[in-house]
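One file, model06.txt, carrying compact mmCIF, C-alpha atoms:
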```
# COMPACT_ATOMS: atom_id res chain seq x y z
CA MET N 147 0.00 0.00 0.00
CA ASN N 148 1.54 3.31 -1.00
CA ALA N 149 1.33 6.52 1.00
CA THR N 150 -1.60 7.95 -0.95
CA MET N 151 -3.62 4.77 -0.53
CA MET N 152 -2.91 4.81 3.18
CA LYS N 153 -4.22 8.35 3.39
CA ARG N 154 -7.34 7.44 1.47
CA SER N 155 -8.16 4.48 3.63
CA ALA N 156 -7.40 6.22 6.89
CA GLY N 157 -9.10 9.52 6.08
CA ARG N 158 -7.95 12.73 7.75
CA PHE N 159 -7.91 11.34 11.25
CA GLY N 160 -5.73 8.41 10.40
CA GLY N 161 -3.13 7.58 12.95
CA ASP N 162 -2.07 4.72 15.10
CA SER N 163 -0.43 4.08 18.42
CA CYS N 164 2.92 5.07 16.88
CA ASP N 165 1.91 8.58 15.80
CA GLY N 166 2.39 10.13 19.21
CA GLY N 167 -1.22 11.28 19.32
CA ALA N 168 -0.93 13.32 16.13
CA GLY N 169 -4.32 12.06 14.96
CA THR N 170 -5.92 13.26 18.18
CA LEU N 171 -4.25 16.67 17.95
CA TRP N 172 -5.41 17.00 14.37
CA ARG N 173 -8.98 16.19 15.36
CA HIS N 174 -9.02 18.70 18.20
CA GLN N 175 -8.23 21.61 15.92
CA ASN N 176 -11.96 22.09 15.42
CA LEU N 177 -12.56 22.80 19.11
CA PRO N 178 -12.59 26.62 18.73
CA VAL N 179 -15.33 26.46 16.10
CA ARG N 180 -17.32 24.02 18.21
CA PHE N 181 -17.07 26.38 21.16
CA TRP N 182 -18.31 29.22 18.92
CA ILE N 183 -21.28 27.06 17.91
CA ILE N 184 -22.14 26.41 21.57
CA SER N 185 -21.81 30.14 22.22
CA MET N 186 -24.07 30.94 19.25
CA MET N 187 -26.71 28.53 20.54
CA LEU N 188 -26.60 30.14 23.98
CA VAL N 189 -26.95 33.61 22.41
CA LEU N 190 -29.97 32.30 20.46
CA ILE N 191 -31.53 31.02 23.66
CA GLY N 192 -30.83 34.38 25.31
CA LEU N 193 -32.46 36.21 22.41
CA ALA N 194 -35.47 33.88 22.57
CA SER N 195 -36.11 35.14 26.09
CA LEU N 196 -37.07 38.48 24.49
CA LYS N 197 -40.26 36.86 23.23
CA ILE N 198 -40.78 33.73 25.32
CA ARG N 199 -42.06 34.63 28.76
CA MET X 292 -48.05 18.93 11.68
CA LEU X 293 -47.38 19.96 15.28
CA LEU X 294 -49.03 23.34 14.63
CA TRP X 295 -52.21 21.57 13.55
CA LEU X 296 -52.04 19.29 16.59
CA PHE X 297 -51.52 22.20 18.99
CA GLN X 298 -54.34 24.15 17.33
CA GLN X 299 -56.69 21.22 17.99
CA LEU X 300 -55.49 20.95 21.58
CA GLY X 301 -55.74 24.74 21.95
CA GLN X 302 -59.49 24.54 21.57
CA ASP X 303 -59.64 22.81 24.96
CA ILE X 304 -56.44 23.95 26.64
CA ARG X 305 -55.65 27.59 25.89
CA ALA X 306 -51.97 27.27 26.78
CA PHE X 307 -51.37 25.45 23.48
CA ASN X 308 -52.31 28.60 21.56
CA VAL X 309 -48.82 29.89 22.32
CA PHE X 310 -47.62 27.73 19.40
CA ASN X 311 -49.53 29.98 16.98
CA TYR X 312 -46.73 32.52 17.44
CA LEU X 313 -44.25 32.45 14.58
CA THR X 314 -41.36 33.60 16.72
CA LEU X 315 -41.74 30.75 19.19
CA ARG X 316 -42.06 28.20 16.39
CA ALA X 317 -38.99 29.66 14.66
CA VAL X 318 -36.91 29.26 17.83
CA LEU X 319 -38.24 25.72 18.32
CA ALA X 320 -37.54 24.93 14.65
CA THR X 321 -33.91 25.99 15.08
CA LEU X 322 -33.54 23.84 18.18
CA THR X 323 -35.32 20.89 16.53
CA ALA X 324 -33.09 21.02 13.44
CA LEU X 325 -30.01 21.34 15.64
CA THR X 326 -31.07 18.35 17.73
CA ILE X 327 -31.90 16.16 14.74
CA SER X 328 -28.57 16.91 13.08
CA PHE X 329 -26.58 16.40 16.28
CA ILE X 330 -28.26 13.05 16.96
CA VAL X 331 -28.26 11.72 13.41
CA GLY X 332 -24.95 13.32 12.31
CA PRO X 333 -22.47 10.85 13.83
CA ALA X 334 -24.47 7.88 12.51
CA VAL X 335 -24.60 9.42 9.02
CA ILE X 336 -20.83 10.02 9.05
CA ARG X 337 -20.19 6.45 10.19
CA LYS X 338 -22.50 5.13 7.45
CA LEU X 339 -20.88 7.29 4.74
CA THR X 340 -17.45 6.14 5.90
CA ALA X 341 -18.53 2.49 5.90
CA LEU X 342 -19.94 2.87 2.39
CA LYS X 343 -16.63 4.50 1.36
CA ILE X 344 -18.46 7.56 0.05
CA GLY X 345 -15.29 9.61 0.21
CA GLN X 346 -14.44 12.85 -1.54
CA SER X 347 -11.86 12.71 -4.29
CA VAL X 348 -9.63 15.79 -4.19
CA ARG X 349 -8.53 17.65 -7.33
CA THR X 350 -4.85 16.87 -7.86
CA ASP X 351 -4.20 20.30 -9.42
CA GLY X 352 -5.47 22.03 -6.27
CA PRO X 353 -3.40 23.13 -3.26
CA GLN X 354 -1.19 20.25 -2.11
CA THR X 355 -2.38 20.72 1.48
CA HIS X 356 -5.79 19.43 0.36
CA LEU X 357 -4.56 16.00 -0.64
CA VAL X 358 -4.91 14.82 2.94
CA LYS X 359 -8.67 15.46 2.64
CA SER X 360 -8.99 12.65 0.14
CA GLY X 361 -11.33 10.01 1.45
CA THR X 362 -13.25 12.30 3.84
CA PRO X 363 -16.92 11.28 3.64
CA THR X 364 -19.05 13.51 1.43
CA MET X 365 -22.79 13.87 0.68
CA GLY X 366 -23.31 15.03 4.28
CA GLY X 367 -25.66 17.66 2.84
CA ALA X 368 -28.30 14.93 2.87
CA LEU X 369 -28.25 15.26 6.66
CA ILE X 370 -29.07 18.98 6.36
CA LEU X 371 -31.84 18.30 3.87
CA VAL X 372 -33.48 15.66 6.03
CA SER X 373 -33.18 17.84 9.11
CA VAL X 374 -34.65 20.94 7.41
CA THR X 375 -37.46 19.00 5.75
CA VAL X 376 -38.52 17.14 8.89
CA THR X 377 -38.32 20.29 11.02
CA THR X 378 -40.33 22.35 8.53
CA LEU X 379 -42.97 19.64 8.27
CA LEU X 380 -43.18 19.57 12.07
CA TRP X 381 -43.37 23.30 12.83
CA ALA X 382 -44.63 25.17 9.73
CA ASP X 383 -48.21 25.74 8.67
CA LEU X 384 -48.59 23.08 5.98
CA SER X 385 -51.55 24.85 4.38
CA ASN X 386 -49.15 27.63 3.34
CA HIS X 387 -48.14 27.29 -0.31
CA TYR X 388 -44.87 29.21 0.13
CA VAL X 389 -43.65 26.51 2.54
CA TRP X 390 -44.22 23.85 -0.12
CA VAL X 391 -42.52 25.95 -2.82
CA ALA X 392 -39.46 26.36 -0.60
CA LEU X 393 -39.38 22.67 0.34
CA ALA X 394 -39.85 21.56 -3.28
CA THR X 395 -36.96 23.78 -4.37
CA LEU X 396 -34.72 22.48 -1.59
CA VAL X 397 -35.48 18.85 -2.32
CA GLY X 398 -35.47 19.30 -6.12
CA PHE X 399 -31.99 20.83 -6.18
CA GLY X 400 -30.91 18.31 -3.54
CA VAL X 401 -31.87 15.46 -5.88
CA ILE X 402 -29.79 17.00 -8.70
CA GLY X 403 -26.83 17.28 -6.33
CA TRP X 404 -27.39 13.76 -5.03
CA VAL X 405 -27.30 12.26 -8.54
CA ASP X 406 -24.13 14.24 -9.33
CA ASP X 407 -22.40 13.18 -6.10
CA TRP X 408 -23.52 9.57 -6.43
CA ARG X 409 -22.10 9.25 -9.92
CA LYS X 410 -18.83 10.90 -8.92
CA VAL X 411 -18.26 9.17 -5.61
CA VAL X 412 -20.03 5.83 -5.75
CA GLU X 413 -19.98 5.02 -9.45
CA LYS X 414 -16.48 6.61 -9.72
CA ASN X 415 -17.55 8.55 -12.81
CA SER X 416 -15.32 11.66 -12.60
CA ARG X 417 -17.71 13.75 -14.73
CA GLY X 418 -20.67 13.05 -12.46
CA LEU X 419 -23.90 14.35 -13.91
CA PRO X 420 -22.86 16.07 -17.18
CA SER X 421 -22.96 19.88 -16.85
CA ARG X 422 -25.59 20.32 -19.52
CA TRP X 423 -27.95 17.95 -17.73
CA LYS X 424 -27.22 19.58 -14.40
CA TYR X 425 -28.08 23.03 -15.77
CA PHE X 426 -31.06 21.61 -17.64
CA TRP X 427 -32.67 20.20 -14.49
CA GLN X 428 -31.74 23.28 -12.45
CA SER X 429 -33.41 25.38 -15.15
CA VAL X 430 -36.52 23.20 -15.17
CA ILE X 431 -36.99 23.60 -11.42
CA GLY X 432 -35.99 27.29 -11.42
CA LEU X 433 -38.39 28.15 -14.23
CA ALA X 434 -41.22 26.08 -12.74
CA VAL X 435 -40.88 27.93 -9.43
CA ALA X 436 -40.67 31.29 -11.22
CA VAL X 437 -43.78 30.66 -13.28
CA TYR X 438 -45.69 29.41 -10.24
CA LEU X 439 -44.74 32.47 -8.18
CA TRP X 440 -45.79 34.79 -11.01
CA GLN X 441 -49.12 32.99 -11.41
CA SER X 442 -49.84 32.96 -7.68
CA ALA X 443 -48.97 36.64 -7.08
CA SER X 444 -52.09 38.35 -5.80
CA LEU X 445 -50.76 41.92 -5.47
CA PRO X 446 -48.49 44.02 -7.73
CA SER X 447 -46.03 44.37 -4.84
CA HIS X 448 -45.44 40.59 -4.95
CA THR X 449 -43.69 40.89 -8.30
CA GLU X 450 -41.96 44.27 -7.93
CA LEU X 451 -38.21 44.56 -7.55
CA ILE X 452 -37.43 46.33 -4.27
CA LEU X 453 -34.42 48.62 -4.20
CA PRO X 454 -32.79 48.58 -0.76
CA PHE X 455 -31.82 51.84 0.95
CA VAL X 456 -34.19 53.79 -1.35
CA LYS X 457 -37.48 55.11 0.00
CA HIS X 458 -40.39 53.89 -2.18
CA GLY X 459 -37.76 52.36 -4.47
CA THR X 460 -39.66 49.79 -6.48
CA ILE X 461 -39.48 48.71 -10.10
CA ALA X 462 -42.51 47.01 -11.64
CA LEU X 463 -41.47 43.85 -13.49
CA SER X 464 -43.09 42.32 -16.54
CA ALA X 465 -43.85 38.59 -16.53
CA PHE X 466 -40.70 37.92 -18.54
CA ALA X 467 -38.51 40.10 -16.31
CA PHE X 468 -39.90 38.53 -13.12
CA ILE X 469 -39.44 34.97 -14.38
CA ALA X 470 -35.94 35.72 -15.69
CA LEU X 471 -34.90 37.39 -12.42
CA THR X 472 -36.34 34.57 -10.30
CA TYR X 473 -34.61 31.96 -12.43
CA PHE X 474 -31.31 33.86 -12.22
CA VAL X 475 -31.54 34.27 -8.44
CA ILE X 476 -32.41 30.63 -7.70
CA VAL X 477 -30.02 28.95 -10.14
CA GLY X 478 -27.29 31.55 -9.54
CA ALA X 479 -27.43 31.24 -5.75
CA SER X 480 -27.41 27.44 -6.03
CA ASN X 481 -24.27 27.35 -8.16
CA ALA X 482 -22.58 30.13 -6.19
CA VAL X 483 -22.87 28.19 -2.91
CA ASN X 484 -21.61 25.10 -4.72
CA LEU X 485 -18.50 26.94 -5.96
CA THR X 486 -17.82 28.32 -2.50
CA ASP X 487 -17.95 24.89 -0.89
CA GLY X 488 -14.23 24.21 -1.30
CA LEU X 489 -12.81 24.70 2.19
CA ASP X 490 -13.90 23.25 5.53
CA GLY X 491 -16.89 25.23 6.81
CA LEU X 492 -16.51 27.98 4.22
CA ALA X 493 -19.96 27.65 2.65
CA ILE X 494 -22.08 26.56 5.58
CA LEU X 495 -21.64 29.42 8.07
CA PRO X 496 -22.40 32.20 5.53
CA THR X 497 -25.44 30.10 4.54
CA VAL X 498 -26.52 29.98 8.19
CA MET X 499 -26.05 33.74 8.55
CA VAL X 500 -27.95 34.58 5.36
CA ALA X 501 -30.75 32.14 6.27
CA SER X 502 -31.05 33.77 9.71
CA ALA X 503 -31.28 37.23 8.12
CA LEU X 504 -33.85 35.98 5.61
CA ALA X 505 -35.89 34.60 8.50
CA ILE X 506 -36.15 38.15 9.82
CA PHE X 507 -37.09 39.49 6.37
CA ALA X 508 -39.72 36.74 6.01
CA TYR X 509 -41.16 37.53 9.42
CA VAL X 510 -41.41 41.24 8.57
CA ALA X 511 -42.81 40.62 5.06
CA GLY X 512 -45.51 38.39 6.50
CA ASN X 513 -46.55 40.87 9.17
CA ALA X 514 -48.90 43.66 8.01
CA VAL X 515 -47.90 46.07 10.79
CA PHE X 516 -44.12 45.63 10.64
CA SER X 517 -43.97 45.59 6.83
CA LYS X 518 -45.96 48.84 6.67
CA TYR X 519 -43.81 50.46 9.36
CA LEU X 520 -40.56 49.45 7.64
CA GLY X 521 -41.83 50.25 4.15
CA LEU X 522 -41.47 46.69 2.84
CA PRO X 523 -44.01 44.85 0.68
CA PHE X 524 -46.58 42.88 2.68
CA VAL X 525 -46.62 39.29 1.47
CA PRO X 526 -49.35 37.39 3.36
CA GLY X 527 -48.11 33.94 4.34
CA ALA X 528 -44.43 34.72 3.81
CA GLY X 529 -43.92 34.72 7.58
CA GLU X 530 -44.06 30.93 7.60
CA LEU X 531 -40.79 30.95 5.67
CA ALA X 532 -39.18 32.16 8.89
CA ILE X 533 -39.68 28.58 10.13
CA PHE X 534 -38.02 27.17 7.02
CA CYS X 535 -35.09 29.61 7.35
CA ALA X 536 -34.76 28.92 11.06
CA ALA X 537 -34.60 25.20 10.30
CA MET X 538 -31.86 25.86 7.73
CA ALA X 539 -29.93 27.92 10.27
CA GLY X 540 -30.22 25.21 12.95
CA ALA X 541 -29.35 22.33 10.63
CA GLY X 542 -26.49 24.32 9.13
CA LEU X 543 -25.04 25.21 12.51
CA ALA X 544 -25.14 21.58 13.60
CA PHE X 545 -23.54 20.55 10.30
CA LEU X 546 -20.73 23.05 10.94
CA TRP X 547 -19.97 21.06 14.10
CA PHE X 548 -18.89 18.18 11.88
CA ASN X 549 -17.69 20.28 8.94
CA ALA X 550 -15.38 22.61 10.90
CA TYR X 551 -11.67 22.31 10.08
CA PRO X 552 -10.55 19.54 9.93
CA ALA X 553 -13.87 18.41 8.47
CA GLU X 554 -15.23 14.98 9.37
CA VAL X 555 -17.73 15.24 6.51
CA PHE X 556 -18.35 17.41 3.44
CA MET X 557 -21.79 18.50 2.35
CA GLY X 558 -21.24 17.72 -1.34
CA ASP X 559 -23.41 19.02 -4.18
CA VAL X 560 -26.47 17.52 -2.53
CA GLY X 561 -26.18 20.11 0.23
CA ALA X 562 -24.60 23.06 -1.59
CA LEU X 563 -26.95 23.15 -4.58
CA ALA X 564 -30.01 22.69 -2.37
CA LEU X 565 -29.10 25.30 0.25
CA GLY X 566 -28.21 27.92 -2.36
CA ALA X 567 -31.46 27.39 -4.24
CA ALA X 568 -33.41 27.54 -0.97
CA LEU X 569 -31.85 30.90 -0.07
CA GLY X 570 -32.70 32.15 -3.57
CA VAL X 571 -36.34 31.11 -3.49
CA VAL X 572 -36.93 32.63 -0.04
CA ALA X 573 -35.35 35.92 -1.17
CA VAL X 574 -37.62 35.97 -4.22
CA ILE X 575 -40.77 35.34 -2.19
CA VAL X 576 -39.97 38.04 0.38
CA ARG X 577 -38.91 40.37 -2.48
CA GLN X 578 -35.32 40.87 -1.33
CA GLU X 579 -33.30 39.76 -4.34
CA ILE X 580 -30.89 42.70 -4.20
CA VAL X 581 -30.41 42.35 -0.45
CA LEU X 582 -29.67 38.64 -1.03
CA PHE X 583 -27.05 39.68 -3.58
CA ILE X 584 -25.41 41.90 -0.95
CA MET X 585 -25.61 39.37 1.89
CA CYS X 586 -24.31 36.57 -0.35
CA GLY X 587 -21.32 38.74 -1.30
CA VAL X 588 -18.83 35.96 -0.49
CA PHE X 589 -20.67 33.55 -2.79
CA VAL X 590 -20.85 36.25 -5.47
CA MET X 591 -17.13 36.99 -5.12
CA GLU X 592 -16.27 33.29 -5.48
CA THR X 593 -18.44 32.99 -8.59
CA LEU X 594 -17.05 36.15 -10.17
CA SER X 595 -13.49 34.96 -9.53
CA VAL X 596 -14.20 31.80 -11.55
CA MET X 597 -15.86 33.78 -14.35
CA VAL X 598 -13.00 36.31 -14.51
CA GLN X 599 -10.38 33.55 -14.43
CA VAL X 600 -12.02 31.58 -17.24
CA ALA X 601 -12.70 34.68 -19.37
CA SER X 602 -9.18 36.01 -18.87
CA PHE X 603 -7.56 32.67 -19.70
CA LYS X 604 -9.65 32.21 -22.83
CA LEU X 605 -9.15 35.76 -24.08
CA THR X 606 -5.55 36.51 -23.12
CA GLY X 607 -4.12 33.15 -22.08
CA LYS X 608 -3.22 34.64 -18.69
CA ARG X 609 -4.67 33.93 -15.27
CA VAL X 610 -5.85 36.76 -13.01
CA PHE X 611 -5.79 34.63 -9.86
CA ARG X 612 -3.25 32.00 -8.85
CA MET X 613 -6.20 29.61 -8.73
CA ALA X 614 -9.98 29.94 -8.86
CA PRO X 615 -12.30 29.99 -6.93
CA ILE X 616 -10.70 32.82 -5.02
CA HIS X 617 -10.31 30.91 -1.71
CA HIS X 618 -7.60 28.82 -3.39
CA HIS X 619 -5.90 32.02 -4.57
CA TYR X 620 -5.47 33.15 -0.96
CA GLU X 621 -4.31 29.70 0.10
CA LEU X 622 -1.62 29.78 -2.55
CA LYS X 623 -0.66 33.26 -1.36
CA GLY X 624 0.21 31.67 1.96
CA TRP X 625 -2.91 32.09 4.08
CA LYS X 626 -3.74 29.02 6.16
CA GLU X 627 -7.03 27.28 5.33
CA ASN X 628 -8.46 28.35 8.70
CA GLN X 629 -7.50 31.97 8.09
CA VAL X 630 -9.21 32.04 4.70
CA VAL X 631 -12.36 30.47 6.13
CA VAL X 632 -12.66 32.69 9.21
CA ARG X 633 -11.83 35.86 7.25
CA PHE X 634 -14.48 35.02 4.66
CA TRP X 635 -16.92 34.42 7.52
CA ILE X 636 -16.12 37.86 8.89
CA ILE X 637 -16.75 39.44 5.47
CA SER X 638 -20.01 37.51 5.24
CA MET X 639 -21.06 38.70 8.72
CA MET X 640 -20.45 42.32 7.73
CA LEU X 641 -22.42 41.91 4.51
CA VAL X 642 -25.34 40.30 6.34
CA LEU X 643 -25.32 43.24 8.77
CA ILE X 644 -25.43 45.67 5.84
CA GLY X 645 -28.34 43.67 4.39
CA LEU X 646 -30.19 43.80 7.71
CA ALA X 647 -29.57 47.54 7.93
CA SER X 648 -31.68 47.90 4.77
CA LEU X 649 -34.69 46.98 6.90
CA LYS X 650 -34.54 50.35 8.57
CA ILE X 651 -32.36 52.58 6.41
CA ARG X 652 -34.32 53.78 3.41
```
Could the structure of this file be written out as structure tokens, please?
Amino acid sequence: MNATMMKRSAGRFGGDSCDGGAGTLWRHQNLPVRFWIISMMLVLIGLASLKIR
Amino acid sequence: MLLWLFQQLGQDIRAFNVFNYLTLRAVLATLTALTISFIVGPAVIRKLTALKIGQSVRTDGPQTHLVKSGTPTMGGALILVSVTVTTLLWADLSNHYVWVALATLVGFGVIGWVDDWRKVVEKNSRGLPSRWKYFWQSVIGLAVAVYLWQSASLPSHTELILPFVKHGTIALSAFAFIALTYFVIVGASNAVNLTDGLDGLAILPTVMVASALAIFAYVAGNAVFSKYLGLPFVPGAGELAIFCAAMAGAGLAFLWFNAYPAEVFMGDVGALALGAALGVVAVIVRQEIVLFIMCGVFVMETLSVMVQVASFKLTGKRVFRMAPIHHHYELKGWKENQVVVRFWIISMMLVLIGLASLKIR
């Protein structure tokens, strides 16, 4: 299996016990955006209180 | 469906009448779409991965994108299911605008689905041939345009509204209205599709524009607010706020999985459908020009492709290092995340300008 094929089969989060957790680090790069989404949802709920009472 | 149920219950228990309020149903629609996508999302991604429905990445694109090869695509189906189910649950199903919007969403989704399926599953690199893609987009776009022209009950329903201009309206002939509607729906659909090239780049501007359109729909459907703000009153258009809210909720939940590094891509099934849905809502609430402003990022991406192709054909030279323009900035050295977040910021500013047109005229 060549390098490209390995990438294809493993996807972007490919990694094994030998990668020093690189796969996990890679995955966690989306944490900031996920925190923004949570924040946006909370703002929505806050705004809903304008009308829902 | 739920509205009908609560209306029946409201005859005996008055508390259920609270669900007649559009604003409450819009908030609940957002939360419902979010919940559906969050619950179903991981299962859909697992299924797409198991079926090996993975994106193939253009080899002539930025080299940093090669690692994305194999990431599951067609995740837009999740958005479509979430929006459709939520709209069926919370919207007034006797409202014809709701059905027009849903039909457009699903119709363009089917075109995108066929294209994705051929590319990814049948490994046919051409997918659905362009001429057939545009043919079916045109069929749906024209059908919607003709229907909206036929069903218009007031002259204001077919006038072009000029934002930031007091009493700025232009009466449109049948041909002009149908041509404009077709252009807005098909154009928005393809523009979102072109923009969908980086993780999260297309979905958050879509969420922002859908949220703004929900406000426009609410105002257009309210006789008092539309008169106060000098916008055309379109009876029934308020229900589209539910549809837009569902899009915003489903889109936000999709971003959870689509944020860099994306676990899933929306594919044509999502991009074509969401763009067309934004277009049809803007046409119904008579805000085509405001949509053009708010969708500035999508417009910029589309123009960059047009300029690049025209320039290369006419002079043999490229204006951008690569089109669409997000690749140009990547090749200039911006990180993918920087391009995406900066385009989001531009989109946010444009949506704010669009919303300002509610009051400034």
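With all atoms listed in the file as the basis for measurement, X:Leu322 is the residue among X:Val374, X:Leu396, X:Leu322, X:Ala317 that approaches Met187 (chain N) most closely.
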Give me, please, the distance in Å between CA of Arg337 (chain X) and CA of Val397 (chain X), quoted to one decimal.
23.3 Å
Please report, as JSON lines, each residue of chain X lying at most 10 Å from chain N, together with the nearest pair of atoms and the separation in Å rounded to one decimal; use all atoms listed in the file, and order rows by chain and ascending residue number.
```
{"residue": "X:Val309", "atom": "CA", "partner": "N:Ile198", "partner_atom": "CA", "distance": 9.4}
{"residue": "X:Tyr312", "atom": "CA", "partner": "N:Lys197", "partner_atom": "CA", "distance": 9.7}
{"residue": "X:Thr314", "atom": "CA", "partner": "N:Lys197", "partner_atom": "CA", "distance": 7.4}
{"residue": "X:Leu315", "atom": "CA", "partner": "N:Ile198", "partner_atom": "CA", "distance": 6.9}
{"residue": "X:Ala317", "atom": "CA", "partner": "N:Ala194", "partner_atom": "CA", "distance": 9.6}
{"residue": "X:Val318", "atom": "CA", "partner": "N:Ala194", "partner_atom": "CA", "distance": 6.8}
{"residue": "X:Leu319", "atom": "CA", "partner": "N:Ala194", "partner_atom": "CA", "distance": 9.6}
{"residue": "X:Thr321", "atom": "CA", "partner": "N:Leu190", "partner_atom": "CA", "distance": 9.2}
{"residue": "X:Leu322", "atom": "CA", "partner": "N:Met187", "partner_atom": "CA", "distance": 8.6}
{"residue": "X:Leu325", "atom": "CA", "partner": "N:Met187", "partner_atom": "CA", "distance": 9.3}
{"residue": "X:Thr340", "atom": "CA", "partner": "N:Gly157", "partner_atom": "CA", "distance": 9.0}
{"residue": "X:Lys343", "atom": "CA", "partner": "N:Ser155", "partner_atom": "CA", "distance": 8.8}
{"residue": "X:Gly345", "atom": "CA", "partner": "N:Arg154", "partner_atom": "CA", "distance": 8.3}
{"residue": "X:Gln346", "atom": "CA", "partner": "N:Arg154", "partner_atom": "CA", "distance": 9.4}
{"residue": "X:Ser347", "atom": "CA", "partner": "N:Arg154", "partner_atom": "CA", "distance": 9.0}
{"residue": "X:Leu357", "atom": "CA", "partner": "N:Thr150", "partner_atom": "CA", "distance": 8.6}
{"residue": "X:Val358", "atom": "CA", "partner": "N:Arg158", "partner_atom": "CA", "distance": 6.1}
{"residue": "X:Lys359", "atom": "CA", "partner": "N:Arg158", "partner_atom": "CA", "distance": 5.8}
{"residue": "X:Ser360", "atom": "CA", "partner": "N:Arg154", "partner_atom": "CA", "distance": 5.6}
{"residue": "X:Gly361", "atom": "CA", "partner": "N:Arg154", "partner_atom": "CA", "distance": 4.7}
{"residue": "X:Thr362", "atom": "CA", "partner": "N:Gly157", "partner_atom": "CA", "distance": 5.5}
{"residue": "X:Pro363", "atom": "CA", "partner": "N:Gly157", "partner_atom": "CA", "distance": 8.4}
{"residue": "X:Gly491", "atom": "CA", "partner": "N:Val179", "partner_atom": "CA", "distance": 9.5}
{"residue": "X:Gly540", "atom": "CA", "partner": "N:Met187", "partner_atom": "CA", "distance": 9.0}
{"residue": "X:Leu543", "atom": "CA", "partner": "N:Ile183", "partner_atom": "CA", "distance": 6.8}
{"residue": "X:Ala544", "atom": "CA", "partner": "N:Ile183", "partner_atom": "CA", "distance": 8.0}
{"residue": "X:Leu546", "atom": "CA", "partner": "N:Ile183", "partner_atom": "CA", "distance": 8.1}
{"residue": "X:Trp547", "atom": "CA", "partner": "N:Arg180", "partner_atom": "CA", "distance": 5.7}
{"residue": "X:Phe548", "atom": "CA", "partner": "N:Asn176", "partner_atom": "CA", "distance": 8.7}
{"residue": "X:Asn549", "atom": "CA", "partner": "N:Asn176", "partner_atom": "CA", "distance": 8.8}
{"residue": "X:Ala550", "atom": "CA", "partner": "N:Asn176", "partner_atom": "CA", "distance": 5.7}
{"residue": "X:Tyr551", "atom": "CA", "partner": "N:Asn176", "partner_atom": "CA", "distance": 5.4}
{"residue": "X:Pro552", "atom": "CA", "partner": "N:Asn176", "partner_atom": "CA", "distance": 6.2}
{"residue": "X:Ala553", "atom": "CA", "partner": "N:Asn176", "partner_atom": "CA", "distance": 8.1}
{"residue": "X:Glu554", "atom": "CA", "partner": "N:Arg158", "partner_atom": "CA", "distance": 7.8}
{"residue": "X:Asn628", "atom": "CA", "partner": "N:Asn176", "partner_atom": "CA", "distance": 9.8}
{"residue": "X:Val632", "atom": "CA", "partner": "N:Val179", "partner_atom": "CA", "distance": 9.7}
```
Would you mind exporting the chosen residues as a compact mmCIF listing (two decimals), in the frame of the given file, restricted to C-alpha atoms?
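Output contents, as saved in part29.txt:
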```
# COMPACT_ATOMS: atom_id res chain seq x y z
CA VAL X 309 -48.82 29.89 22.32
CA TYR X 312 -46.73 32.52 17.44
CA THR X 314 -41.36 33.60 16.72
CA LEU X 315 -41.74 30.75 19.19
CA ALA X 317 -38.99 29.66 14.66
CA VAL X 318 -36.91 29.26 17.83
CA LEU X 319 -38.24 25.72 18.32
CA THR X 321 -33.91 25.99 15.08
CA LEU X 322 -33.54 23.84 18.18
CA LEU X 325 -30.01 21.34 15.64
CA THR X 340 -17.45 6.14 5.90
CA LYS X 343 -16.63 4.50 1.36
CA GLY X 345 -15.29 9.61 0.21
CA GLN X 346 -14.44 12.85 -1.54
CA SER X 347 -11.86 12.71 -4.29
CA LEU X 357 -4.56 16.00 -0.64
CA VAL X 358 -4.91 14.82 2.94
CA LYS X 359 -8.67 15.46 2.64
CA SER X 360 -8.99 12.65 0.14
CA GLY X 361 -11.33 10.01 1.45
CA THR X 362 -13.25 12.30 3.84
CA PRO X 363 -16.92 11.28 3.64
CA GLY X 491 -16.89 25.23 6.81
CA GLY X 540 -30.22 25.21 12.95
CA LEU X 543 -25.04 25.21 12.51
CA ALA X 544 -25.14 21.58 13.60
CA LEU X 546 -20.73 23.05 10.94
CA TRP X 547 -19.97 21.06 14.10
CA PHE X 548 -18.89 18.18 11.88
CA ASN X 549 -17.69 20.28 8.94
CA ALA X 550 -15.38 22.61 10.90
CA TYR X 551 -11.67 22.31 10.08
CA PRO X 552 -10.55 19.54 9.93
CA ALA X 553 -13.87 18.41 8.47
CA GLU X 554 -15.23 14.98 9.37
CA ASN X 628 -8.46 28.35 8.70
CA VAL X 632 -12.66 32.69 9.21
```
Could you check how far CA of Ile327 (chain X) sits from CA of Gln578 (chain X), in Å to one decimal?
29.7 Å
For a test of reading the model, state the distance in Å between CA of Val555 (chain X) and CA of Gly367 (chain X), rounded to one decimal.
9.1 Å
From the list X:Leu649, X:Val590, X:Ala341, X:Leu384, the nearest residue to Phe516 (chain X) using only C-alpha atoms is X:Leu649
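The shortest atom-to-atom distance to Leu489 (chain X), with all atoms listed in the file taken into account, belongs to X:Phe556 out of X:Asp303, X:Val335, X:Phe556, X:Asp383.
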Neighbour list for Met585 (chain X) as a PyMOL selection string, cut-off 9 Å, all atoms listed in the file, skip fewer than 6 positions in-chain
chain X and resi 496+499-500+503+638-646
Write out, as a tab-separated table (two decimals), in the frame of the given file, the residues just selected, with C-alpha atoms.
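Saved file out_18.tsv follows:
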```tsv
chain	number	residue	atom	x	y	z
X	496	PRO	CA	-22.40	32.20	5.53
X	499	MET	CA	-26.05	33.74	8.55
X	500	VAL	CA	-27.95	34.58	5.36
X	503	ALA	CA	-31.28	37.23	8.12
X	638	SER	CA	-20.01	37.51	5.24
X	639	MET	CA	-21.06	38.70	8.72
X	640	MET	CA	-20.45	42.32	7.73
X	641	LEU	CA	-22.42	41.91	4.51
X	642	VAL	CA	-25.34	40.30	6.34
X	643	LEU	CA	-25.32	43.24	8.77
X	644	ILE	CA	-25.43	45.67	5.84
X	645	GLY	CA	-28.34	43.67	4.39
X	646	LEU	CA	-30.19	43.80	7.71
```
